[in-house]
Each structure stands twice: as structure tokens, then as C-alpha cells.
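model07.txt, holding compact mmCIF, C-alpha atoms:
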```txt
# COMPACT_ATOMS: atom_id res chain seq x y z
CA MET A 1 73.80 -21.63 12.86
CA LYS A 2 76.64 -19.29 12.01
CA ILE A 3 77.85 -19.55 8.41
CA LEU A 4 81.05 -17.88 7.18
CA TYR A 5 82.10 -17.20 3.59
CA PHE A 6 85.60 -16.37 2.35
CA SER A 7 87.35 -15.14 -0.80
CA TRP A 8 85.28 -15.12 -4.05
CA ILE A 9 82.45 -16.97 -2.29
CA LYS A 10 82.08 -13.98 0.05
CA ASP A 11 82.19 -11.58 -2.92
CA GLY A 12 79.67 -13.63 -4.92
CA ILE A 13 77.16 -13.89 -2.10
CA GLY A 14 77.79 -10.32 -0.94
CA LYS A 15 78.33 -11.10 2.74
CA SER A 16 81.02 -12.60 4.94
CA GLN A 17 78.70 -14.27 7.43
CA GLU A 18 75.10 -14.91 8.37
CA ASP A 19 73.00 -16.73 10.94
CA ILE A 20 70.33 -19.18 9.91
CA THR A 21 68.10 -21.56 11.84
CA LEU A 22 68.20 -25.08 10.48
CA ASN A 23 64.95 -26.80 9.73
CA GLU A 24 64.62 -30.52 10.42
CA ASN A 25 65.34 -31.44 6.78
CA ILE A 26 68.86 -30.06 6.92
CA LYS A 27 71.00 -32.83 8.34
CA ASN A 28 74.36 -32.38 6.63
CA ILE A 29 76.38 -29.89 4.57
CA SER A 30 74.89 -31.13 1.32
CA ASP A 31 71.38 -30.40 2.65
CA LEU A 32 72.56 -26.96 3.79
CA ILE A 33 73.80 -26.14 0.28
CA ASP A 34 70.48 -27.34 -1.18
CA PHE A 35 68.78 -24.88 1.17
CA LEU A 36 71.17 -21.98 0.49
CA ILE A 37 70.71 -22.13 -3.29
CA THR A 38 67.00 -21.48 -2.80
CA ILE A 39 67.76 -18.06 -1.22
CA ASN A 40 68.64 -16.32 -4.50
CA ASP A 41 70.56 -16.62 -7.78
CA ASP A 42 73.85 -15.44 -6.25
CA TYR A 43 73.94 -18.50 -4.00
CA LYS A 44 72.81 -20.69 -6.88
CA LYS A 45 75.66 -19.45 -9.06
CA ILE A 46 78.32 -19.78 -6.34
CA PHE A 47 77.31 -23.32 -5.38
CA SER A 48 76.76 -24.53 -8.96
CA ASP A 49 80.30 -25.97 -9.04
CA LEU A 50 81.37 -27.56 -5.77
CA SER A 51 84.70 -28.82 -7.12
CA SER A 52 86.49 -25.69 -5.93
CA ILE A 53 84.69 -25.20 -2.62
CA LYS A 54 85.85 -26.61 0.72
CA PHE A 55 83.80 -26.87 3.92
CA SER A 56 84.64 -26.67 7.59
CA LYS A 57 82.63 -27.45 10.70
CA ASN A 58 83.80 -25.78 13.90
CA MET A 59 87.10 -24.94 12.19
CA ASN A 60 87.84 -28.49 11.02
CA ILE A 61 87.80 -29.42 7.33
CA VAL A 62 84.96 -31.85 6.65
CA ASP A 63 83.31 -33.47 3.65
CA ILE A 64 79.92 -32.73 2.17
CA ASN A 65 78.19 -35.54 4.08
CA GLU A 66 79.23 -34.22 7.49
CA LYS A 67 76.29 -34.04 9.92
CA ILE A 68 75.51 -30.55 11.25
CA LYS A 69 73.58 -29.00 14.14
CA ASN A 70 72.32 -25.48 14.88
CA GLU A 71 75.19 -24.89 17.33
CA ASP A 72 77.87 -25.56 14.69
CA GLU A 73 79.90 -22.94 12.84
CA ILE A 74 80.12 -23.78 9.15
CA ALA A 75 82.44 -22.08 6.67
CA PHE A 76 82.67 -22.20 2.88
CA PHE A 77 85.93 -21.29 1.15
CA PRO A 78 88.05 -22.10 -1.92
CA PRO A 79 91.30 -24.08 -1.65
CA MET A 80 93.72 -22.25 0.62
CA THR A 81 96.56 -20.12 -0.69
CA GLY A 82 98.76 -19.53 2.33
CA GLY A 83 102.49 -19.00 2.53
CA MET B 1 105.39 -20.96 18.35
CA ILE B 2 102.94 -19.50 15.90
CA LYS B 3 101.94 -15.86 15.37
CA VAL B 4 99.23 -14.51 13.06
CA GLN B 5 99.57 -10.77 12.77
CA SER B 6 99.15 -7.78 10.47
CA GLU B 7 102.40 -6.10 11.49
CA ASP B 8 105.79 -6.78 9.91
CA PHE B 9 108.46 -9.01 11.45
CA SER B 10 112.25 -9.01 11.59
CA VAL B 11 114.01 -12.29 10.84
CA GLU B 12 117.14 -11.07 12.65
CA LYS B 13 115.22 -10.18 15.80
CA GLU B 14 113.20 -13.40 15.82
CA THR B 15 116.31 -15.52 15.21
CA LYS B 16 118.15 -13.85 18.09
CA ILE B 17 115.22 -14.49 20.44
CA LEU B 18 115.14 -18.17 19.46
CA LEU B 19 118.93 -18.51 19.82
CA ASN B 20 118.87 -16.98 23.29
CA LYS B 21 116.03 -19.27 24.35
CA ASN B 22 117.61 -22.54 23.25
CA ASN B 23 120.73 -24.46 24.21
CA ASN B 24 123.10 -26.43 21.96
CA VAL B 25 121.74 -25.08 18.66
CA GLY B 26 123.77 -26.38 15.71
CA ALA B 27 121.56 -25.37 12.79
CA ILE B 28 119.00 -22.73 11.92
CA SER B 29 116.95 -22.76 8.76
CA SER B 30 114.64 -19.93 7.75
CA PHE B 31 112.24 -19.08 4.95
CA ILE B 32 110.70 -15.69 4.19
CA GLY B 33 107.84 -15.32 1.71
CA ILE B 34 107.70 -11.92 -0.02
CA VAL B 35 105.02 -10.12 -2.06
CA ARG B 36 106.13 -10.13 -5.72
CA ASN B 37 105.75 -7.00 -7.83
CA LYS B 38 104.00 -8.77 -10.72
CA ALA B 39 100.66 -10.56 -10.93
CA LYS B 40 100.22 -12.45 -14.22
CA GLU B 41 102.69 -10.10 -15.95
CA LYS B 42 100.89 -6.99 -14.68
CA ASP B 43 102.30 -4.57 -12.11
CA LEU B 44 100.93 -5.47 -8.71
CA ILE B 45 99.62 -2.66 -6.52
CA SER B 46 98.90 -4.75 -3.44
CA MET B 47 98.07 -8.21 -2.15
CA THR B 48 95.40 -8.55 0.54
CA LEU B 49 95.47 -11.68 2.67
CA ASP B 50 92.10 -12.69 4.05
CA HIS B 51 92.04 -15.42 6.68
CA TYR B 52 89.75 -17.33 9.03
CA PRO B 53 90.56 -16.08 12.57
CA GLY B 54 90.54 -18.96 15.00
CA MET B 55 90.90 -21.65 12.36
CA THR B 56 94.13 -20.05 11.16
CA GLU B 57 95.77 -20.41 14.57
CA LYS B 58 94.39 -23.94 14.92
CA MET B 59 95.69 -25.08 11.52
CA LEU B 60 99.09 -23.43 11.92
CA GLN B 61 99.49 -25.10 15.31
CA LYS B 62 98.62 -28.48 13.76
CA ILE B 63 101.19 -27.93 11.01
CA GLU B 64 103.88 -26.98 13.52
CA ASP B 65 103.01 -29.97 15.74
CA GLU B 66 103.37 -32.25 12.72
CA ALA B 67 106.87 -30.87 12.01
CA LEU B 68 107.86 -31.29 15.66
CA SER B 69 106.73 -34.92 15.56
CA ARG B 70 108.59 -35.71 12.31
CA TRP B 71 111.96 -34.05 12.97
CA LYS B 72 114.25 -33.57 15.96
CA LEU B 73 113.77 -29.86 16.49
CA LEU B 74 114.87 -27.69 19.37
CA ASP B 75 112.38 -24.98 18.46
CA SER B 76 110.34 -23.55 15.60
CA LEU B 77 108.50 -20.38 14.70
CA ILE B 78 105.84 -19.55 12.13
CA ILE B 79 104.75 -15.93 11.61
CA HIS B 80 102.05 -15.36 9.00
CA ARG B 81 100.79 -11.86 8.18
CA TYR B 82 97.32 -10.85 6.99
CA GLY B 83 95.79 -7.64 5.61
CA GLU B 84 96.90 -5.46 2.69
CA LEU B 85 100.58 -5.93 1.81
CA PHE B 86 102.65 -4.20 -0.86
CA PRO B 87 105.35 -5.47 -3.24
CA GLY B 88 108.55 -6.28 -1.40
CA GLU B 89 106.83 -6.72 1.96
CA ASN B 90 107.17 -9.84 4.09
CA ILE B 91 104.26 -12.30 4.11
CA VAL B 92 105.46 -15.30 6.08
CA LEU B 93 108.42 -16.39 8.18
CA VAL B 94 109.40 -19.93 9.13
CA ILE B 95 112.40 -20.61 11.38
CA THR B 96 113.49 -24.04 12.58
CA LEU B 97 116.32 -24.85 14.99
CA SER B 98 118.01 -28.19 15.52
CA LYS B 99 121.30 -29.76 16.55
CA HIS B 100 122.00 -31.00 13.01
CA ARG B 101 121.33 -29.37 9.65
CA LYS B 102 119.02 -31.92 8.02
CA ASP B 103 116.32 -31.61 10.68
CA ALA B 104 116.29 -27.80 10.38
CA ILE B 105 116.38 -27.68 6.57
CA ASN B 106 113.83 -30.43 5.90
CA SER B 107 111.34 -29.29 8.53
CA CYS B 108 111.52 -25.69 7.26
CA HIS B 109 110.80 -26.91 3.70
CA PHE B 110 107.92 -29.07 4.98
CA LEU B 111 106.38 -26.23 6.98
CA ILE B 112 106.23 -23.80 4.09
CA ASP B 113 104.87 -26.49 1.72
CA TRP B 114 102.06 -27.33 4.12
CA LEU B 115 101.33 -23.67 4.87
CA LYS B 116 100.68 -23.15 1.16
CA THR B 117 97.79 -25.60 1.03
CA LYS B 118 96.64 -25.98 4.65
CA GLY B 119 96.89 -22.43 5.99
CA PRO B 120 93.39 -20.86 5.77
CA PHE B 121 94.50 -17.76 3.86
CA TRP B 122 93.20 -16.37 0.60
CA LYS B 123 95.09 -13.79 -1.46
CA PHE B 124 93.51 -10.97 -3.45
CA GLU B 125 95.83 -9.36 -5.99
CA LYS B 126 95.12 -5.79 -7.06
CA THR B 127 96.64 -4.39 -10.26
CA LYS B 128 96.02 -1.03 -11.95
CA SER B 129 93.34 -2.46 -14.22
CA SER B 130 91.71 -5.17 -12.11
CA GLY B 131 91.69 -7.41 -9.08
CA HIS B 132 91.37 -11.15 -8.63
CA TRP B 133 91.54 -13.88 -6.01
CA VAL B 134 94.63 -16.03 -6.41
CA GLU B 135 93.81 -19.63 -7.35
CA ALA B 136 95.47 -22.53 -5.61
CA LEU B 137 98.17 -24.11 -7.78
CA ASP B 138 98.25 -27.80 -8.66
CA SER B 139 102.01 -27.65 -8.19
CA ASP B 140 101.51 -26.58 -4.57
CA ASN B 141 99.23 -29.58 -3.99
CA LEU B 142 101.92 -31.87 -5.41
CA GLU B 143 104.52 -30.26 -3.14
CA GLU B 144 102.25 -30.94 -0.16
CA LEU B 145 101.65 -34.56 -1.19
CA LYS B 146 105.33 -35.41 -1.51
CA TRP B 147 105.60 -35.14 2.30
CA ASN B 148 103.04 -37.95 2.68
CA ASN B 149 105.44 -40.56 1.26
```
As C-alpha cells:
Amino acid sequence: MKILYFSWIKDGIGKSQEDITLNENIKNISDLIDFLITINDDYKKIFSDLSSIKFSKNMNIVDINEKIKNEDEIAFFPPMTGG
Amino acid sequence: MIKVQSEDFSVEKETKILLNKNNNVGAISSFIGIVRNKAKEKDLISMTLDHYPGMTEKMLQKIEDEALSRWKLLDSLIIHRYGELFPGENIVLVITLSKHRKDAINSCHFLIDWLKTKGPFWKFEKTKSSGHWVEALDSDNLEELKWNN
């Protein structure tokens, strides 16, 4: 699975993207976050407050319960500041 | 039409192209967003716009489609820049064309309000002493919501 990070999430984790292989316990975005925070303290810190983090699956905004598969592209980013 | 680009744009040139392309235009409304020279009272050196290539085009197209479905427009254009921009530089251009003024004015206002909160861009402001990611404003969310009524 391709995962993308933007803005301060990218800075906090120290990378803009990565590929991971989902294990069978990761069924939705919430499970994915539970897995990511086990990688190291940077992830743990970034995902400690989900109130200012949005998620997308295949470039569509989704909620935390959205089901995911290995072929999906997931992105984590703060609220957008376009215009 | 939507364009996501790093290079600058000219409102005069883009307006002329749209005018030549369309027939019976009675109203044109345009909005240009500019990089301010202050960030939280400090002198701004630059603003870098990060975005999500692919999703940006998709979201901007959705926003434009929504405007075209809500108002009677002859044409519309959104140009949004990304990369490092300096004070006084253009960030975004919205142009709407219609037969009558209300459609052009209201759709232009709608487009820029929705771009603020639905365009997948993130701004990093650099000043002499520091740098920070710009936080989304509650007021921008309220501006977006008013179009849902």
C-alpha cells in the first residue's frame, strides 16, 4: 500500500511517502493508524491527536472507518488551506 | 477549465482567451489571490504551497462542476499555483463568465470559498526568524458552509 503524508505530518514523520504491506488485521484506516504508531515515537506523536488530521483513499476524502486494501493509495493531511 | 501550475498567470490574457472563446458574454467576474507580505505581524520571506498531485486536479474539477451546476455560466477558469511564491505574487485566479452579473459574481465567490477548504493545498510561511504551516481558519469553514444553505 502506498501512503502519502503532507504538511506538518510529513515533517513530523520525516518522509512524504512510503510503501507498506498490510497484514490481515488491518481492515480500515483506524487499524492502519494503530499499526503506524507502533513504528516509532514520531508516528505516535503525530497521530496522538486525530482531530486535525484528514484521510483520503484513492484521492477521495474518507472517514476513519473506511475499509482499505493493499492496492489503495492512502494519504494523511491536515485541513486544506487552498486559495 | 482548471490549471494547476507553478508558473505565473496573467488575468488580462486569460480573460481575453475566454472572451474570444464564448459568445454573448454579458458579465465577467474574477478573483486573484495574492501572497501577503506579513505572516502574523512578521515580514514574510516566502510562502510555499504544497499540494497532492492528482487529487488537486480531481478536487478542483469537482468544485468547478459544482459551480457549473448551480449557476448559469458560459465558462469558468480556475488557475492555482504551487511551489515557493514571494510577497506580491499571484496564488490563484478564478474567472467566471455569464450572460447576467449575478451568476458570474456569485459563482466566483463560491469557487474561491470552496477552494479555501476543499483544495488540497497546504501553505508554509517562511519569515526571517522561523517557518510554520498555515492552519485552516474556522472563518473559512463558515464561509464554505454558508453555500450549503
Starting from chain B, keep only residues with some atom at most 12 Å from an atom of chain A, counting all atoms listed in the file, and report them as a ChimeraX atom specification. /B:4,31-35,48-60,62,78-82,90-94,109-125,131-141
Region 19-29 of chain A environment, 6 Å, all atoms listed in the file, sequence neighbours closer than 6 positions dropped, as a list in words: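 The residues satisfying every condition are Met1, Lys2, Ile64, Asn65, Glu66, Lys67 and Ile68 of chain A.
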Using only C-alpha atoms, which residues sit within 9 Å of Cys108 (chain B) once same-chain residues fewer than 5 positions away are excluded, as JSON, numbers by chain? {"B": [29, 30, 31, 67, 76, 94, 95, 96, 103, 113]}
Polymer residues at most 9 Å from Ser48 (chain A), all atoms listed in the file, same-chain spacing of 4 or more positions, as a PDB file with C-alpha atoms, in the frame of the given file:
```pdb
ATOM      1  CA  ILE A  37      70.710 -22.130  -3.290  1.00  0.00           C
ATOM      2  CA  TYR A  43      73.940 -18.500  -4.000  1.00  0.00           C
ATOM      3  CA  LYS A  44      72.810 -20.690  -6.880  1.00  0.00           C
TER       4      LYS A  44
END
```
Please report the interatomic distance between CA of Ala104 (chain B) and CA of Ile17 (chain B) in Å with one decimal.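 Interatomic distance, CA of Ala104 (chain B) to CA of Ile17 (chain B): 16.7 Å.
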Find the residue from A:Ile33, A:Ile46, A:Ile74, A:Ile53 that sits nearest to Ile13 (chain A); use all atoms listed in the file when measuring.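 Smallest separation from Ile13 (chain A) among the options: A:Ile46.
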Could you check how far CA of Lys10 (chain A) sits from CA of Lys69 (chain A), in Å to one decimal?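 Spanning CA of Lys10 (chain A) to CA of Lys69 (chain A) is a straight-line distance of 22.3 Å.
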So, counting only C-alpha atoms, which residue among B:Leu97, B:Leu142, B:Ile2, B:Leu77 is closest to Gly26 (chain B)?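 The answer is B:Leu97, which sits nearest to Gly26 (chain B).
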Work out how far apart CA of Asn148 (chain B) and CA of Arg70 (chain B) are and give it in Å to one decimal. 11.3 Å
What's around Glu41 (chain B) at 12 Å? Count all atoms listed in the file, leave out sequence neighbours fewer than 5 positions away in its own chain, and write the answer as a PDB file with C-alpha atoms, in the coordinates of the input.
```pdb
ATOM      1  CA  ARG B  36     106.130 -10.130  -5.720  1.00  0.00           C
ATOM      2  CA  THR B 127      96.640  -4.390 -10.260  1.00  0.00           C
ATOM      3  CA  LYS B 128      96.020  -1.030 -11.950  1.00  0.00           C
TER       4      LYS B 128
END
```
Of the listed residues B:Leu68, B:Ile63, B:Val11, B:Met47, that which approaches Glu84 (chain B) most closely, counting all atoms listed in the file: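 Between B:Leu68, B:Ile63, B:Val11, B:Met47, the residue approaching Glu84 (chain B) most closely is B:Met47.
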So which one's closest to Asp42 (chain A), A:Glu73, A:Asp11, A:Asp63, A:Glu18? Using only C-alpha atoms, please.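 The answer is A:Asp11, which sits nearest to Asp42 (chain A).
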Since the input lacks atoms, please generate N, CA and C atoms for region 118-147 of chain B and provide them as a short mmCIF file (atom, residue, chain, number, x, y, z; two decimals), in the coordinates of the input.
```cif
data_model
loop_
_atom_site.label_atom_id
_atom_site.label_comp_id
_atom_site.auth_asym_id
_atom_site.auth_seq_id
_atom_site.Cartn_x
_atom_site.Cartn_y
_atom_site.Cartn_z
N LYS B 118 97.44 -25.70 3.45
CA LYS B 118 96.64 -25.98 4.65
C LYS B 118 96.40 -24.75 5.52
N GLY B 119 97.10 -23.66 5.22
CA GLY B 119 96.89 -22.43 5.99
C GLY B 119 95.65 -21.72 5.45
N PRO B 120 94.63 -21.48 6.28
CA PRO B 120 93.39 -20.86 5.77
C PRO B 120 93.53 -19.37 5.45
N PHE B 121 94.30 -19.13 4.38
CA PHE B 121 94.50 -17.76 3.86
C PHE B 121 94.06 -17.74 2.41
N TRP B 122 93.58 -16.58 1.99
CA TRP B 122 93.20 -16.37 0.60
C TRP B 122 93.74 -15.01 0.17
N LYS B 123 94.38 -15.00 -1.01
CA LYS B 123 95.09 -13.79 -1.46
C LYS B 123 94.31 -13.09 -2.57
N PHE B 124 94.15 -11.78 -2.41
CA PHE B 124 93.51 -10.97 -3.45
C PHE B 124 94.56 -10.04 -4.03
N GLU B 125 94.82 -10.18 -5.34
CA GLU B 125 95.83 -9.36 -5.99
C GLU B 125 95.16 -8.19 -6.71
N LYS B 126 95.67 -6.98 -6.41
CA LYS B 126 95.12 -5.79 -7.06
C LYS B 126 96.16 -5.22 -8.02
N THR B 127 95.76 -5.06 -9.28
CA THR B 127 96.64 -4.39 -10.26
C THR B 127 95.95 -3.09 -10.68
N LYS B 128 96.61 -2.31 -11.53
CA LYS B 128 96.02 -1.03 -11.95
C LYS B 128 94.67 -1.23 -12.62
N SER B 129 94.56 -2.29 -13.42
CA SER B 129 93.34 -2.46 -14.22
C SER B 129 92.29 -3.37 -13.58
N SER B 130 92.70 -4.22 -12.65
CA SER B 130 91.71 -5.17 -12.11
C SER B 130 92.16 -5.75 -10.77
N GLY B 131 91.35 -6.67 -10.29
CA GLY B 131 91.69 -7.41 -9.08
C GLY B 131 91.17 -8.82 -9.18
N HIS B 132 91.85 -9.76 -8.58
CA HIS B 132 91.37 -11.15 -8.63
C HIS B 132 91.88 -11.94 -7.43
N TRP B 133 91.11 -12.95 -7.06
CA TRP B 133 91.54 -13.88 -6.01
C TRP B 133 92.52 -14.87 -6.62
N VAL B 134 93.61 -15.11 -5.92
CA VAL B 134 94.63 -16.03 -6.41
C VAL B 134 94.11 -17.47 -6.27
N GLU B 135 94.24 -18.22 -7.38
CA GLU B 135 93.81 -19.63 -7.35
C GLU B 135 94.91 -20.52 -6.80
N ALA B 136 94.49 -21.56 -6.11
CA ALA B 136 95.47 -22.53 -5.61
C ALA B 136 96.14 -23.22 -6.80
N LEU B 137 97.43 -23.49 -6.68
CA LEU B 137 98.17 -24.11 -7.78
C LEU B 137 98.25 -25.62 -7.60
N ASP B 138 98.09 -26.34 -8.72
CA ASP B 138 98.25 -27.80 -8.66
C ASP B 138 99.64 -28.17 -8.18
N SER B 139 100.62 -27.35 -8.58
CA SER B 139 102.01 -27.65 -8.19
C SER B 139 102.18 -27.57 -6.67
N ASP B 140 101.43 -26.66 -6.03
CA ASP B 140 101.51 -26.58 -4.57
C ASP B 140 100.90 -27.82 -3.92
N ASN B 141 99.83 -28.35 -4.52
CA ASN B 141 99.23 -29.58 -3.99
C ASN B 141 100.20 -30.75 -4.10
N LEU B 142 100.94 -30.80 -5.23
CA LEU B 142 101.92 -31.87 -5.41
C LEU B 142 103.05 -31.75 -4.39
N GLU B 143 103.47 -30.49 -4.13
CA GLU B 143 104.52 -30.26 -3.14
C GLU B 143 104.07 -30.74 -1.76
N GLU B 144 102.79 -30.50 -1.46
CA GLU B 144 102.25 -30.94 -0.16
C GLU B 144 102.25 -32.47 -0.09
N LEU B 145 101.80 -33.10 -1.19
CA LEU B 145 101.65 -34.56 -1.19
C LEU B 145 102.97 -35.30 -1.05
N LYS B 146 104.04 -34.69 -1.56
CA LYS B 146 105.33 -35.41 -1.51
C LYS B 146 105.76 -35.70 -0.07
N TRP B 147 105.23 -34.92 0.89
CA TRP B 147 105.60 -35.14 2.30
C TRP B 147 104.80 -36.29 2.91
#
```
